[in-house]
Amino acid sequence: MAKDRPDLKKYVGKKLTVIAWLWARTVKSPNPAFANIAVPLASTFMLSTKVGKEAYVEPVIEDGGYRFTVKVGKPKDAEGAKHGTKLSRGANFRCLMSGAPIASDHIYGEANAGRMGARLMAIVAEGDRGRVYLAPTPEMEAIALTAQPEWKPEVAMPENPRWFSPPLYGLKTYGDLFTPRQLVALTTFSDLVQEARERVKRDAIAAGLPDDGEALAKGGGGAAAYADAVGVYLGLAISRFADRNNSICTWDSGPVGTRASTGGSARTASLRNLFSRQAIPMAWDYGEANPFSDSGGGYNSALDWIEPAIRFLCGTARGTATPDNASMQSVSAGKVVSTDPPYYDNIGYADLSDFFYVWLRRTLKPVFPDLFATLAVPKAEELVATPYRHGSKIKAETFFLDGMTQAMHRLAEQSHPAFPVTIYYAFKQAESDGADGTTNTGWDTFLAAVIEAGFSISGTWPMRTELSNRMIGSGTNALASSIVLVCRQRPANAPTATRRDFVTALKAELPAASAQVCHPPARHPPYIAPVDLAQAAIGPGMAVYTRYAKVLDAEGKPLPVRAALALINQTLDEALAEQEGDFDADSRWALTWFDQTGFAEGDYGVAEQLSKSKNTSVGGLDEAGILVSRAGKVRLLKPHELPANWDPLTDKRLTHWEIVHQLIRALESGGEGAAAGLVAKLGSKAETARELCYRLYTLCERRKRAVEAMAYNGLVQSWPEITRLAAEKPRAVTRATPDLFGQE
């Protein structure tokens with residue numbers, strides 16, 4: 001290998017630890033000329049995209065077949081290496097041998113006939129301060145194919161492609177998600193947990209720990225209880241171990257360059273875990289981790305994550321946990337309640353948890369025989385609106401609403417009257433735009449259940465609970481937070497109001513409440529992100545709605561929650577629009593133009609006419625540096641088009657619009673430190689520009705401009721750190737204007 005790879009010469013004669021074996025699934029070529037050749041379904045051939053350390057797989061067609069080799073450096077065909085043999089999203093590939101497209105129906109047919117195989121593409125090893133990528137060897141592939149597992153979990157995955165894609169391609173059971181070698185490793189480690197448990201018990205008795213009967217009489221646990229506890233901790237690590245040892249784990253080649261938004265360096269290429277989002281997708285090329293490696297996929301690495309969590313959670317307080325039906329649970333009255341209920345039909349927790357349950361059952365059934373009595377997780381009473389389980393969407397929604405209302409009634413009856421009930425709910429409220437405005441079926445159905453149970457809602461506050469790098473949030477405006485509903489029991493003598501009364505109260509109270517959300521006191525950072533603003537504003541709006549026993553429409557019928565949410569959103573939008581008066585004339589023009597055309601070109605005549613109504617001119621806007629005007633067309637400049645040497649202290653026509661987009665340019669190119677340098681010069685003007693981001697985000701969300709929306713949301717999310725760094729920088733000194741007597 002080293003003859004053709006100078007980078008390997010320093011490793012000649014040395015043993016390197018394998019981190020992962022990278023495979024591509026295969027199907028027989030649909031081309032009759034190559035019908036006996038299993039061609040790869042590879043979504044990428046890139047192994048590392050880190051600048052200066054690029055590596056990739058190169059297929060070599062020879063002798064009527066093909067083989068894989070590994071090369072370092074930038075590939076000549078960058079796009080080809082990036083996309084492998086994949087043509088588009090889904091099961092759409094090209095034949096490596098003929099170049100012809102492989103129809104998805106052919107892949108479905110081959111997979112469900114049990115003819116989908118796999119070929120080893122590359123081997124990843126641990127080198128000196130980095131990864132070493134090696135071409136596959138026949139010996140490595142042969143060893144993998146000899147694995148013979150004694151057991152595999154035969155629990156079937158649901159036929160529900162919303163959360164489970166593998167069953168479409170012949171992978172019907174949870175056991176099918178693992179390679180034979182992974183099954184051998186998982187069953188071996190699971191069995192070793194019980195051996196370790198017995199060893200711990202013997203050692204504890206030998207060390208003088210009493211048996212459980214004697215220990216319980218004294219109010220403590222004995223040798224068996226101690227061994228059970230150690231076994232549970234070791235068994236919990238099996239769950240994390242399984243998450244990184246299955247054939248849905250894909251290789252992350254790492255981002256190009258640096259992560260400017262955080263100021264950090266690019267992460268090292270590594271194996272992704274399966275549950276980077278709450279679903280089990282199909283993976284065409286995957287990695288087998290080394291179960292004995294300490295580089296992410298090994299059992300020791302799993303323990304390294306479990307141990308600090310246990311150490312953090314174990315305190316002096318005592319608590320109990322019991323599985324129960326929420327709609328019938330009977331905790332004693334007078335409790336302070338905080339709960340995290342299911343989210344309508346967002347996530348199939350019970351179905352997805354079977355992935356872990358099948359391994360936990362094998363590992364820990366001797367410790368918890370009642371808990372693991374069933375072959376799979378019980379699902380019939382799971383309080384989610386899953387149409388495939390109930391037969392139709394209407395039946396699923398009715399089941400959810402009835403069950404959630406009953407569960408909320410139980411909470412209302414048993415909670416302490418002096419304290420609010422807090423309910424965590426992770427839902428992106430802006431899901432669909434219809435005749436009733438921006439609404440979300442799951443969100444308004446859940447709120448209806450809470451209100452029907454007798455609660456009034458006094459607040460909805462975002463709490464930052466989601467990792468910034470989670471896959472479901474990558475490239476989307478997914479919620480960065482869970483929403484905490486603050487609820488109290490509604491007084492029995494609550495009045496009735498008309499729709500007009502409700503709207504009048506909204507317009508009187510919501511603008512001030514939304515201003516407090518957008519502009520919290522300095523002692524209460526961080527700021528609410530624009531993506532969470534609509535959710536946070538629902539709190540004050542629903543506080544108005546739920547202070548009444550009923551809100552009646554013009555026909556005397558109760559105003560439904562969905563209609564109330566639409567009115568709250570409408571009032572919030574009007575409040576944000578009124579804030580445009582705080583911005584300069586150029587920025588007000590840019591807001592209106594952006595709402596109409598975004599960053600696309602528009603007619604000069606329309607732009608000039610609009611400028612007159614905003615008390616500015618296209619020429620002045622061009623001079624301000626926020627647009628380009630030529631050939632009868634006008635276009636706003638994108639952040640990356642703005643000059644990098646911009647200095648707000650010398651800008652003769654400074655606008656809030658330019659400030660926002662220069663800050664975004666600085667944040668994306670140089671991180672929070674670069675943006676902080678501008679904020680230090682801008683002073684109080686920067687704060688007004690931050691306010692503009694909320695309005696811009698709202699416009700983008702309405703117009704479905706996700707990329708721009710993320711930029712405005714990201715600036716506000718980074719604001720606390722930007723202002724902290726700005727405060728550490730020397731204050732900018734400007735030359736003052738002399739007075740009448742020549743004094744500065």
# chains A, B, ... in the order shown; residues from 1 in each chain; ligands from 1

$ select_by_dssp --residues "stretch 129-190 of chain A" --states "helix (DSSP H, G or I)" --output "ChimeraX atom specification"
/A:138-145,166-169,174-177,180-190

$ closest_residue --among "A:Ser327, A:Asn569, A:Ser104, A:Ser270" --to "A:Cys249" --atoms "only C-alpha atoms"
A:Ser270

$ residues_around --residues "A:Ala42" --least-positions-apart "4" --cutoff "6 Å" --atoms "only C-alpha atoms" --output "PyMOL selection string"
chain A and resi 24+84-85+285

$ write_last_selection --atoms "C-alpha atoms" --output "CSV table (one decimal), in the first residue's frame"
chain,number,residue,atom,x,y,z
A,24,ALA,CA,-21.7,-0.1,0.6
A,84,GLY,CA,-21.0,8.3,-5.1
A,85,THR,CA,-23.3,6.4,-7.3
A,285,ASP,CA,-23.4,2.9,2.8

$ closest_residue --among "A:Ala118, A:Arg665, A:Arg162, A:Ala302" --to "A:Tyr388" --atoms "only C-alpha atoms"
A:Arg162

$ select_by_dssp --residues "stretch 629-672 of chain A" --states "strand (DSSP E or B)" --output "list in words"
Ser629, Arg630, Lys633, Val634, Arg635 and Leu636 of chain A

$ residues_around --residues "stretch 697-702 of chain A" --least-positions-apart "4" --cutoff "7 Å" --atoms "only C-alpha atoms" --output "JSON, numbers by chain"
{"A": [530, 595, 693, 706, 708, 709, 712, 713]}

$ residues_around --residues "A:Leu725" --least-positions-apart "3" --cutoff "6 Å" --atoms "only C-alpha atoms" --output "JSON, numbers by chain"
{"A": [676, 722, 728]}

$ closest_residue --among "A:Ile37, A:Leu22, A:Leu572, A:Ala242" --to "A:Met121" --atoms "only C-alpha atoms"
A:Leu22

$ closest_residue --among "A:Ser458, A:Thr445, A:Thr69, A:Asn493" --to "A:Ala563" --atoms "only C-alpha atoms"
A:Thr445

$ closest_residue --among "A:Pro158, A:Gly454, A:Pro341, A:Gly175" --to "A:Phe356" --atoms "only C-alpha atoms"
A:Gly175

$ closest_residue --among "A:Thr655, A:Asn325, A:Thr597, A:Thr320" --to "A:Pro378" --atoms "only C-alpha atoms"
A:Asn325

$ residues_around --residues "A:Val70" --least-positions-apart "6" --cutoff "9 Å" --atoms "only C-alpha atoms" --output "NGL selection string"
:A and (47 or 55-59 or 121-122 or 133-136)

$ residues_around --residues "A:Arg635" --least-positions-apart "2" --cutoff "6 Å" --atoms "only C-alpha atoms" --output "MDAnalysis selection string"
chainID A and resid 600:601 627:628
